[in-house]
Amino acid sequence: MQQDGMECVINNAEKLFADIKQKYEEYHIPYQPFLIVKADAGTYGMAVMTVRNIDELKSLNRKQRTRMATIKGGQPVRRVIIQEGVYTFEVIGPDKAVAEPVVYLWGSCVVGGFYRVHKDRGTDENLNAPGMHFQPIAFAKPCNQPSDNAAPLDCHNRLYLYGIIAQLSMLAAAREMNKG
């Protein structure tokens, strides 16, 4: 609330925005990069904000600061994580609700997953908010191997594809942690 540490958050967000913008240009990504700033201690959807440009951080109003000041149980936010926002372009159902896959790994094995769905949120917003619901990724047969007879995004192959991405992200996180 007293804006302690905001200069550090703003400086790091500026650096991250610069790096991400460079990559978007390099790979010709036609979207605007954004950041997610969130509490570093279990958010439960609280103390999470989308930042589309650095001026939003520089001009937080009292209501925004209040929303970012505490997490579940009234615990104060002492540290934040600043991460690249990832667009969620997948939609589900007749109302075209934005949906993001969540995949569980046990070691390197995919053991399940579900969709986090929110019909009132956009592709660049936190879906873990009031109004969200979960939808299972349920299948009649196991989905740990791709089907040669189905398209890449058919239900049977979707969890397999998500699993590969989850495994790659865990590998990337391990390499990043190893760099220290």
# chains A, B, ... in the order shown; residues from 1 in each chain; ligands from 1
call {"tool": "closest_atom_pairs", "arguments": {"of": "region 157-180 of chain A", "to": "region 105-113 of chain A", "cutoff": "12 Å", "atoms": "only C-alpha atoms", "output": "Markdown table"}}
result
| residue | atom | partner | partner_atom | distance |
| --- | --- | --- | --- | --- |
| A:Arg158 | CA | A:Gly113 | CA | 10.7 |
| A:Leu159 | CA | A:Gly113 | CA | 7.6 |
| A:Tyr160 | CA | A:Val110 | CA | 8.3 |
| A:Leu161 | CA | A:Val110 | CA | 10.6 |
| A:Tyr162 | CA | A:Gly113 | CA | 8.9 |
| A:Gly163 | CA | A:Val110 | CA | 5.8 |
| A:Ile164 | CA | A:Val110 | CA | 8.6 |
| A:Ile165 | CA | A:Val110 | CA | 10.5 |
| A:Ala166 | CA | A:Leu105 | CA | 7.7 |
| A:Gln167 | CA | A:Ser108 | CA | 6.4 |
| A:Leu168 | CA | A:Ser108 | CA | 9.6 |
| A:Ser169 | CA | A:Ser108 | CA | 10.9 |
| A:Met170 | CA | A:Ser108 | CA | 8.3 |
| A:Leu171 | CA | A:Ser108 | CA | 9.2 |
| A:Ala174 | CA | A:Ser108 | CA | 11.9 |
call {"tool": "write_last_selection", "arguments": {"atoms": "C-alpha atoms", "output": "PDB file, in the first residue's frame"}}
result
ATOM      1  CA  ARG A 158      -5.239 -32.897 -27.416  1.00  0.00           C
ATOM      2  CA  LEU A 159      -4.089 -34.173 -24.004  1.00  0.00           C
ATOM      3  CA  TYR A 160      -1.077 -35.787 -25.668  1.00  0.00           C
ATOM      4  CA  LEU A 161      -0.136 -32.429 -27.211  1.00  0.00           C
ATOM      5  CA  TYR A 162      -0.708 -30.600 -23.920  1.00  0.00           C
ATOM      6  CA  GLY A 163       1.398 -33.230 -22.174  1.00  0.00           C
ATOM      7  CA  ILE A 164       4.334 -32.636 -24.521  1.00  0.00           C
ATOM      8  CA  ILE A 165       4.114 -28.889 -23.872  1.00  0.00           C
ATOM      9  CA  ALA A 166       3.915 -29.481 -20.094  1.00  0.00           C
ATOM     10  CA  GLN A 167       6.970 -31.741 -20.216  1.00  0.00           C
ATOM     11  CA  LEU A 168       8.918 -29.163 -22.226  1.00  0.00           C
ATOM     12  CA  SER A 169       7.948 -26.412 -19.785  1.00  0.00           C
ATOM     13  CA  MET A 170       9.151 -28.511 -16.848  1.00  0.00           C
ATOM     14  CA  LEU A 171      12.440 -29.129 -18.655  1.00  0.00           C
ATOM     15  CA  ALA A 174      14.628 -27.122 -14.494  1.00  0.00           C
TER      16      ALA A 174
END
call {"tool": "residues_around", "arguments": {"residues": "region 68-72 of chain A", "least_positions_apart": "4", "cutoff": "6 Å", "atoms": "only C-alpha atoms", "output": "PyMOL selection string"}}
result
chain A and resi 43+46-47+76-77
call {"tool": "write_last_selection", "arguments": {"atoms": "N, CA and C atoms", "output": "CSV table (one decimal), in the first residue's frame"}}
result
chain,number,residue,atom,x,y,z
A,43,THR,N,-1.6,-17.6,-4.8
A,43,THR,CA,-2.5,-16.5,-5.0
A,43,THR,C,-4.0,-16.9,-4.8
A,46,MET,N,-6.0,-14.4,-6.1
A,46,MET,CA,-5.9,-13.1,-5.5
A,46,MET,C,-4.5,-12.5,-5.8
A,47,ALA,N,-4.4,-11.2,-5.8
A,47,ALA,CA,-3.2,-10.4,-5.9
A,47,ALA,C,-2.5,-10.8,-7.3
A,76,PRO,N,-0.3,-10.5,4.0
A,76,PRO,CA,0.2,-9.4,3.2
A,76,PRO,C,1.1,-10.0,2.1
A,77,VAL,N,1.1,-9.3,0.9
A,77,VAL,CA,2.0,-9.6,-0.2
A,77,VAL,C,3.4,-9.0,0.1
call {"tool": "atom_distance", "arguments": {"atom1": "CA of His133 (chain A)", "atom2": "CA of Val48 (chain A)"}}
result
17.8 Å
call {"tool": "select_by_dssp", "arguments": {"residues": "region 1-150 of chain A", "states": "helix (DSSP H, G or I)", "output": "PyMOL selection string"}}
result
chain A and resi 6-26+54-58+62-69+72-74
call {"tool": "closest_residue", "arguments": {"among": "A:Glu84, A:Arg67, A:Arg121, A:Met49", "to": "Phe17 (chain A)", "atoms": "only C-alpha atoms"}}
result
A:Glu84
call {"tool": "closest_residue", "arguments": {"among": "A:Tyr104, A:Tyr87, A:Phe134, A:Phe114", "to": "Pro30 (chain A)", "atoms": "only C-alpha atoms"}}
result
A:Tyr87
call {"tool": "select_by_dssp", "arguments": {"residues": "chain A", "states": "strand (DSSP E or B)", "output": "PyMOL selection string"}}
result
chain A and resi 35-39+48-51+70+76+80-84+91-92+97-106+109-118+133-136
call {"tool": "write_last_selection", "arguments": {"atoms": "C-alpha atoms", "output": "tab-separated table (two decimals), in the first residue's frame"}}
result
chain	number	residue	atom	x	y	z
A	35	LEU	CA	2.91	-9.31	-18.19
A	36	ILE	CA	1.31	-10.98	-15.23
A	37	VAL	CA	2.33	-9.62	-11.82
A	38	LYS	CA	1.29	-11.84	-8.95
A	39	ALA	CA	2.04	-12.61	-5.34
A	48	VAL	CA	-2.85	-11.08	-9.68
A	49	MET	CA	-2.84	-8.34	-12.29
A	50	THR	CA	-2.40	-8.12	-16.04
A	51	VAL	CA	-0.03	-5.36	-17.18
A	70	THR	CA	-3.18	-9.24	0.35
A	76	PRO	CA	0.21	-9.42	3.17
A	80	VAL	CA	5.79	-10.64	-6.39
A	81	ILE	CA	6.58	-12.63	-9.51
A	82	ILE	CA	6.65	-10.87	-12.86
A	83	GLN	CA	6.14	-13.25	-15.76
A	84	GLU	CA	5.39	-13.14	-19.44
A	91	VAL	CA	-12.48	-21.55	-26.38
A	92	ILE	CA	-15.05	-24.08	-25.22
A	97	ALA	CA	-15.70	-19.26	-23.09
A	98	VAL	CA	-11.94	-18.79	-22.88
A	99	ALA	CA	-10.33	-22.00	-21.65
A	100	GLU	CA	-6.81	-22.90	-20.61
A	101	PRO	CA	-5.57	-26.45	-20.25
A	102	VAL	CA	-4.04	-27.49	-16.93
A	103	VAL	CA	-1.93	-30.65	-17.07
A	104	TYR	CA	-0.67	-32.67	-14.12
A	105	LEU	CA	2.69	-34.38	-14.29
A	106	TRP	CA	4.05	-37.05	-11.97
A	109	CYS	CA	4.59	-38.64	-16.88
A	110	VAL	CA	1.31	-36.92	-17.75
A	111	VAL	CA	-1.29	-38.17	-15.27
A	112	GLY	CA	-4.30	-35.97	-16.00
A	113	GLY	CA	-5.67	-32.58	-16.75
A	114	PHE	CA	-8.62	-30.25	-16.95
A	115	TYR	CA	-9.66	-26.94	-18.48
A	116	ARG	CA	-9.96	-23.76	-16.44
A	117	VAL	CA	-12.85	-21.93	-18.14
A	118	HIS	CA	-14.18	-18.38	-17.79
A	133	HIS	CA	-15.30	-23.24	-13.58
A	134	PHE	CA	-13.38	-26.41	-14.35
A	135	GLN	CA	-14.18	-28.75	-17.17
A	136	PRO	CA	-12.57	-32.18	-17.24
call {"tool": "closest_atom_pairs", "arguments": {"of": "region 49-74 of chain A", "to": "region 18-24 of chain A", "cutoff": "12 Å", "atoms": "only C-alpha atoms", "output": "tab-separated table"}}
result
residue	atom	partner	partner_atom	distance
A:Arg52	CA	A:Lys21	CA	11.7
A:Asn53	CA	A:Ala18	CA	10.8
A:Ile54	CA	A:Ala18	CA	10.5
call {"tool": "atom_distance", "arguments": {"atom1": "CA of Ile10 (chain A)", "atom2": "CA of Leu57 (chain A)"}}
result
6.6 Å
